[in-house]
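Worksheet: the structure to be examined is printed underneath.
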Amino acid sequence: MKTRNESNRLAKECIVTALIELMKVRDYHSISITEITRKAGVSRMAYYRNYTSKEDILNKYMEEVGISIHEKISSMNTREEILDYYRELFEQLGAYRDLGITAYRAHLGELILDNINKNMAVTFRPENDSAAARYQHLYLAGAFYNVFIEWLKSGRQESCEEMAQICCHLTCDGCYIKKGTNENE
């Protein structure tokens with residue numbers, strides 16, 4: 001017998017999958033809740049128990065993905081660790097490429113960027129509360145968003161390792177890691 005939490009988790013997975021699949025073939029804004037629940041094989045009650053809107057589906061899912069990824073790689077500070085961080089980030093995000101590209105094509109890039117901002121704030125914690133530290137974080141998150149989206153749009157031509165090297169170079173040489181933690185300095 002399935003527990004309520006297990007049933008709820010499965011309903012959420014089905015809803016997310018249904019929305020992403022529908023977004024691949026239909027305009028996001030024309031997709032109805034009825035279509036999502038029908039494709040997911042869940043009731044409207046199950047839908048509304050978990051979500052308030054289509055945006056809520058994507059936002060909560062992106063939050064879960066981001067938290068999961070950043071829990072694995074959030075304590076990295078040296079150049080080698082930053083390289084590992086980006087490699088893992090591209091491998092993990094590459095696994096969710098359908099979500100990323102369909103959300104972007106549905107003009108929902110802001111949802112992606114908001115989640116990158118939240119998660120990078122956890123990973124690259126500013127040393128102080130200055131305006132410069134806040135803008136530095138936003139600069140890094142915005143840059144990563146653009147690199148990530150371009151990588152998806154171009155069909156992920158570069159390997160995760162190549163993308164990690166590119167981002168590590170930009171991050172480390174751009175002084176986004178604490179001075180003195182780079183063993184190559």
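If you're wondering about the labels, chains in the structure tokens are A, B, ... by order shown, residues count from 1 in each chain, ligands from 1 in order shown.
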Fewer than 6 positions away in the same chain doesn't count, so skip those; otherwise give me all residues within 9 Å of stretch 110-120 of chain A, counting only C-alpha atoms, as a PDB file with N, CA and C atoms, in the first residue's frame.
```pdb
ATOM      1  N   GLU A  55       3.141  27.982 -13.712  1.00  0.00           N
ATOM      2  CA  GLU A  55       4.429  28.545 -13.319  1.00  0.00           C
ATOM      3  C   GLU A  55       4.917  27.913 -12.022  1.00  0.00           C
ATOM      4  N   LEU A  58       6.690  24.565 -12.635  1.00  0.00           N
ATOM      5  CA  LEU A  58       8.066  24.723 -13.109  1.00  0.00           C
ATOM      6  C   LEU A  58       8.967  25.297 -12.031  1.00  0.00           C
ATOM      7  N   ASN A  59       8.475  26.280 -11.319  1.00  0.00           N
ATOM      8  CA  ASN A  59       9.288  26.924 -10.296  1.00  0.00           C
ATOM      9  C   ASN A  59       9.649  25.951  -9.178  1.00  0.00           C
ATOM     10  N   MET A  62      12.133  23.385 -10.548  1.00  0.00           N
ATOM     11  CA  MET A  62      13.471  23.963 -10.704  1.00  0.00           C
ATOM     12  C   MET A  62      14.135  24.171  -9.346  1.00  0.00           C
ATOM     13  N   GLU A  63      13.356  24.573  -8.357  1.00  0.00           N
ATOM     14  CA  GLU A  63      13.905  24.733  -7.008  1.00  0.00           C
ATOM     15  C   GLU A  63      14.433  23.400  -6.489  1.00  0.00           C
ATOM     16  N   GLY A  66      17.595  22.477  -8.379  1.00  0.00           N
ATOM     17  CA  GLY A  66      18.696  23.335  -7.945  1.00  0.00           C
ATOM     18  C   GLY A  66      19.217  22.975  -6.569  1.00  0.00           C
ATOM     19  N   ILE A  67      18.319  22.736  -5.634  1.00  0.00           N
ATOM     20  CA  ILE A  67      18.730  22.360  -4.283  1.00  0.00           C
ATOM     21  C   ILE A  67      19.499  21.050  -4.309  1.00  0.00           C
ATOM     22  N   ILE A  69      21.198  19.698  -6.781  1.00  0.00           N
ATOM     23  CA  ILE A  69      22.510  19.892  -7.407  1.00  0.00           C
ATOM     24  C   ILE A  69      23.452  20.612  -6.458  1.00  0.00           C
ATOM     25  N   HIS A  70      22.988  21.694  -5.873  1.00  0.00           N
ATOM     26  CA  HIS A  70      23.872  22.510  -5.049  1.00  0.00           C
ATOM     27  C   HIS A  70      24.197  21.878  -3.703  1.00  0.00           C
ATOM     28  N   SER A  74      28.197  22.393  -3.014  1.00  0.00           N
ATOM     29  CA  SER A  74      28.173  23.762  -2.504  1.00  0.00           C
ATOM     30  C   SER A  74      29.385  24.190  -1.689  1.00  0.00           C
ATOM     31  N   GLY A 100      14.982  22.770 -19.240  1.00  0.00           N
ATOM     32  CA  GLY A 100      15.631  24.045 -19.520  1.00  0.00           C
ATOM     33  C   GLY A 100      15.261  24.625 -20.871  1.00  0.00           C
ATOM     34  N   ALA A 103      11.404  25.420 -21.164  1.00  0.00           N
ATOM     35  CA  ALA A 103      11.070  26.623 -20.383  1.00  0.00           C
ATOM     36  C   ALA A 103      11.591  27.870 -21.086  1.00  0.00           C
ATOM     37  N   TYR A 104      12.800  27.804 -21.598  1.00  0.00           N
ATOM     38  CA  TYR A 104      13.362  28.949 -22.317  1.00  0.00           C
ATOM     39  C   TYR A 104      12.532  29.284 -23.556  1.00  0.00           C
ATOM     40  N   HIS A 137      27.479  38.706  -7.336  1.00  0.00           N
ATOM     41  CA  HIS A 137      26.703  37.458  -7.385  1.00  0.00           C
ATOM     42  C   HIS A 137      25.724  37.474  -8.559  1.00  0.00           C
ATOM     43  N   LEU A 138      25.008  38.567  -8.735  1.00  0.00           N
ATOM     44  CA  LEU A 138      24.041  38.658  -9.831  1.00  0.00           C
ATOM     45  C   LEU A 138      24.733  38.604 -11.191  1.00  0.00           C
ATOM     46  N   LEU A 140      27.544  37.008 -11.866  1.00  0.00           N
ATOM     47  CA  LEU A 140      27.942  35.625 -12.082  1.00  0.00           C
ATOM     48  C   LEU A 140      26.745  34.764 -12.478  1.00  0.00           C
ATOM     49  N   ALA A 141      25.630  34.916 -11.775  1.00  0.00           N
ATOM     50  CA  ALA A 141      24.435  34.115 -12.070  1.00  0.00           C
ATOM     51  C   ALA A 141      23.905  34.438 -13.468  1.00  0.00           C
ATOM     52  N   GLY A 142      23.881  35.714 -13.834  1.00  0.00           N
ATOM     53  CA  GLY A 142      23.419  36.110 -15.164  1.00  0.00           C
ATOM     54  C   GLY A 142      24.328  35.583 -16.258  1.00  0.00           C
ATOM     55  N   PHE A 144      26.234  32.899 -16.025  1.00  0.00           N
ATOM     56  CA  PHE A 144      26.040  31.458 -16.108  1.00  0.00           C
ATOM     57  C   PHE A 144      24.740  31.127 -16.836  1.00  0.00           C
ATOM     58  N   TYR A 145      23.693  31.856 -16.552  1.00  0.00           N
ATOM     59  CA  TYR A 145      22.411  31.632 -17.226  1.00  0.00           C
ATOM     60  C   TYR A 145      22.587  31.721 -18.742  1.00  0.00           C
TER      61      TYR A 145
END
```
Considering only C-alpha atoms, return as number ranges by chain whatever protein or nucleic-acid residues lie within 9 Å of stretch 33-35 of chain A, sequence-local ones (same chain, fewer than 5 positions apart) excluded. A: 18-19, 22, 40, 43-44, 47, 53-54
Just N, CA and C atoms for this one: save the residues we selected as a compact mmCIF listing (two decimals), in the first residue's frame.
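Written out: result_6.txt:
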```txt
# COMPACT_ATOMS: atom_id res chain seq x y z
N ALA A 18 4.24 15.65 -17.43
CA ALA A 18 3.16 15.97 -18.38
C ALA A 18 3.32 17.38 -18.92
N LEU A 19 3.59 18.33 -18.04
CA LEU A 19 3.75 19.71 -18.50
C LEU A 19 4.94 19.84 -19.45
N LEU A 22 4.01 18.32 -22.79
CA LEU A 22 3.08 19.19 -23.52
C LEU A 22 3.80 20.42 -24.07
N ALA A 40 -1.14 13.68 -17.22
CA ALA A 40 -0.47 13.15 -16.03
C ALA A 40 -1.21 11.96 -15.42
N SER A 43 -5.95 13.61 -10.79
CA SER A 43 -7.15 14.43 -10.66
C SER A 43 -6.78 15.91 -10.50
N ARG A 44 -7.75 16.76 -10.75
CA ARG A 44 -7.54 18.19 -10.51
C ARG A 44 -7.26 18.43 -9.03
N TYR A 47 -3.72 17.88 -8.47
CA TYR A 47 -2.99 19.02 -9.02
C TYR A 47 -3.01 20.19 -8.04
N SER A 53 -0.44 27.00 -10.04
CA SER A 53 -0.42 27.44 -11.43
C SER A 53 0.61 26.63 -12.22
N LYS A 54 0.63 26.83 -13.53
CA LYS A 54 1.64 26.18 -14.37
C LYS A 54 3.04 26.68 -13.98
```
Neighbours of A:Ile166 within 12 Å (only C-alpha atoms; same-chain residues fewer than 3 positions away dropped), as a ChimeraX atom specification? /A:82-83,86-87,90,143-144,147-148,151,158-163,169-174
Test item, helix (DSSP H, G or I) assignment across stretch 4-143 of chain A, answer as a PyMOL selection string: chain A and resi 4-25+28-30+33-40+44-50+54-73+79-95+97-105+109-123+131-143
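Residues lying within 10 Å of A:Leu99, counting only C-alpha atoms and ignoring same-chain neighbours fewer than 2 positions away, are Val16, Thr17, Leu19, Ile20, Glu21, Met23, Lys24, Leu58, Tyr61, Met62, Leu93, Gly94, Ala95, Tyr96, Arg97, Ile101, Thr102, Ala103, Tyr104, Arg105 and Ile112 of chain A.
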Selected residues written out, N, CA and C atoms, as a PDB file, in the first residue's frame:
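Written out: result33.pdb:
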```
ATOM      1  N   VAL A  16       4.736  17.214 -13.485  1.00  0.00           N
ATOM      2  CA  VAL A  16       5.905  17.883 -14.077  1.00  0.00           C
ATOM      3  C   VAL A  16       6.201  17.285 -15.447  1.00  0.00           C
ATOM      4  N   THR A  17       6.244  15.964 -15.513  1.00  0.00           N
ATOM      5  CA  THR A  17       6.530  15.289 -16.776  1.00  0.00           C
ATOM      6  C   THR A  17       5.491  15.642 -17.830  1.00  0.00           C
ATOM      7  N   LEU A  19       3.594  18.327 -18.037  1.00  0.00           N
ATOM      8  CA  LEU A  19       3.751  19.712 -18.498  1.00  0.00           C
ATOM      9  C   LEU A  19       4.937  19.835 -19.447  1.00  0.00           C
ATOM     10  N   ILE A  20       6.046  19.246 -19.122  1.00  0.00           N
ATOM     11  CA  ILE A  20       7.222  19.332 -19.988  1.00  0.00           C
ATOM     12  C   ILE A  20       6.940  18.682 -21.343  1.00  0.00           C
ATOM     13  N   GLU A  21       6.297  17.548 -21.334  1.00  0.00           N
ATOM     14  CA  GLU A  21       5.962  16.877 -22.591  1.00  0.00           C
ATOM     15  C   GLU A  21       4.999  17.723 -23.428  1.00  0.00           C
ATOM     16  N   MET A  23       4.738  20.968 -23.313  1.00  0.00           N
ATOM     17  CA  MET A  23       5.478  22.155 -23.753  1.00  0.00           C
ATOM     18  C   MET A  23       6.340  21.868 -24.983  1.00  0.00           C
ATOM     19  N   LYS A  24       6.697  20.622 -25.189  1.00  0.00           N
ATOM     20  CA  LYS A  24       7.503  20.265 -26.356  1.00  0.00           C
ATOM     21  C   LYS A  24       6.710  20.372 -27.646  1.00  0.00           C
ATOM     22  N   LEU A  58       6.690  24.565 -12.635  1.00  0.00           N
ATOM     23  CA  LEU A  58       8.066  24.723 -13.109  1.00  0.00           C
ATOM     24  C   LEU A  58       8.967  25.297 -12.031  1.00  0.00           C
ATOM     25  N   TYR A  61       9.697  22.709  -9.308  1.00  0.00           N
ATOM     26  CA  TYR A  61      10.560  21.666  -9.844  1.00  0.00           C
ATOM     27  C   TYR A  61      11.987  22.189 -10.008  1.00  0.00           C
ATOM     28  N   MET A  62      12.133  23.385 -10.548  1.00  0.00           N
ATOM     29  CA  MET A  62      13.471  23.963 -10.704  1.00  0.00           C
ATOM     30  C   MET A  62      14.135  24.171  -9.346  1.00  0.00           C
ATOM     31  N   LEU A  93      22.624  19.561 -14.860  1.00  0.00           N
ATOM     32  CA  LEU A  93      21.692  20.372 -15.640  1.00  0.00           C
ATOM     33  C   LEU A  93      21.458  19.770 -17.025  1.00  0.00           C
ATOM     34  N   GLY A  94      22.478  19.136 -17.557  1.00  0.00           N
ATOM     35  CA  GLY A  94      22.312  18.461 -18.846  1.00  0.00           C
ATOM     36  C   GLY A  94      21.274  17.355 -18.766  1.00  0.00           C
ATOM     37  N   ALA A  95      21.166  16.734 -17.611  1.00  0.00           N
ATOM     38  CA  ALA A  95      20.157  15.692 -17.416  1.00  0.00           C
ATOM     39  C   ALA A  95      18.746  16.272 -17.435  1.00  0.00           C
ATOM     40  N   TYR A  96      18.640  17.576 -17.175  1.00  0.00           N
ATOM     41  CA  TYR A  96      17.338  18.253 -17.171  1.00  0.00           C
ATOM     42  C   TYR A  96      17.203  19.192 -18.372  1.00  0.00           C
ATOM     43  N   ARG A  97      17.882  18.859 -19.445  1.00  0.00           N
ATOM     44  CA  ARG A  97      17.907  19.743 -20.621  1.00  0.00           C
ATOM     45  C   ARG A  97      16.519  19.982 -21.194  1.00  0.00           C
ATOM     46  N   ILE A 101      15.359  23.824 -21.904  1.00  0.00           N
ATOM     47  CA  ILE A 101      15.111  24.342 -23.252  1.00  0.00           C
ATOM     48  C   ILE A 101      13.629  24.606 -23.486  1.00  0.00           C
ATOM     49  N   THR A 102      12.747  23.758 -22.954  1.00  0.00           N
ATOM     50  CA  THR A 102      11.318  24.011 -23.151  1.00  0.00           C
ATOM     51  C   THR A 102      10.875  25.234 -22.365  1.00  0.00           C
ATOM     52  N   ALA A 103      11.404  25.420 -21.164  1.00  0.00           N
ATOM     53  CA  ALA A 103      11.070  26.623 -20.383  1.00  0.00           C
ATOM     54  C   ALA A 103      11.591  27.870 -21.086  1.00  0.00           C
ATOM     55  N   TYR A 104      12.800  27.804 -21.598  1.00  0.00           N
ATOM     56  CA  TYR A 104      13.362  28.949 -22.317  1.00  0.00           C
ATOM     57  C   TYR A 104      12.532  29.284 -23.556  1.00  0.00           C
ATOM     58  N   ARG A 105      12.192  28.275 -24.326  1.00  0.00           N
ATOM     59  CA  ARG A 105      11.412  28.496 -25.552  1.00  0.00           C
ATOM     60  C   ARG A 105      10.001  28.998 -25.257  1.00  0.00           C
ATOM     61  N   ILE A 112      14.092  30.316 -14.794  1.00  0.00           N
ATOM     62  CA  ILE A 112      15.392  29.651 -14.748  1.00  0.00           C
ATOM     63  C   ILE A 112      16.398  30.563 -14.057  1.00  0.00           C
TER      64      ILE A 112
END
```
Taking into account only C-alpha atoms, which residue in the set A:Cys167, A:Leu108, A:Ala133, A:Ala11 is nearest to A:Tyr51? A:Ala11
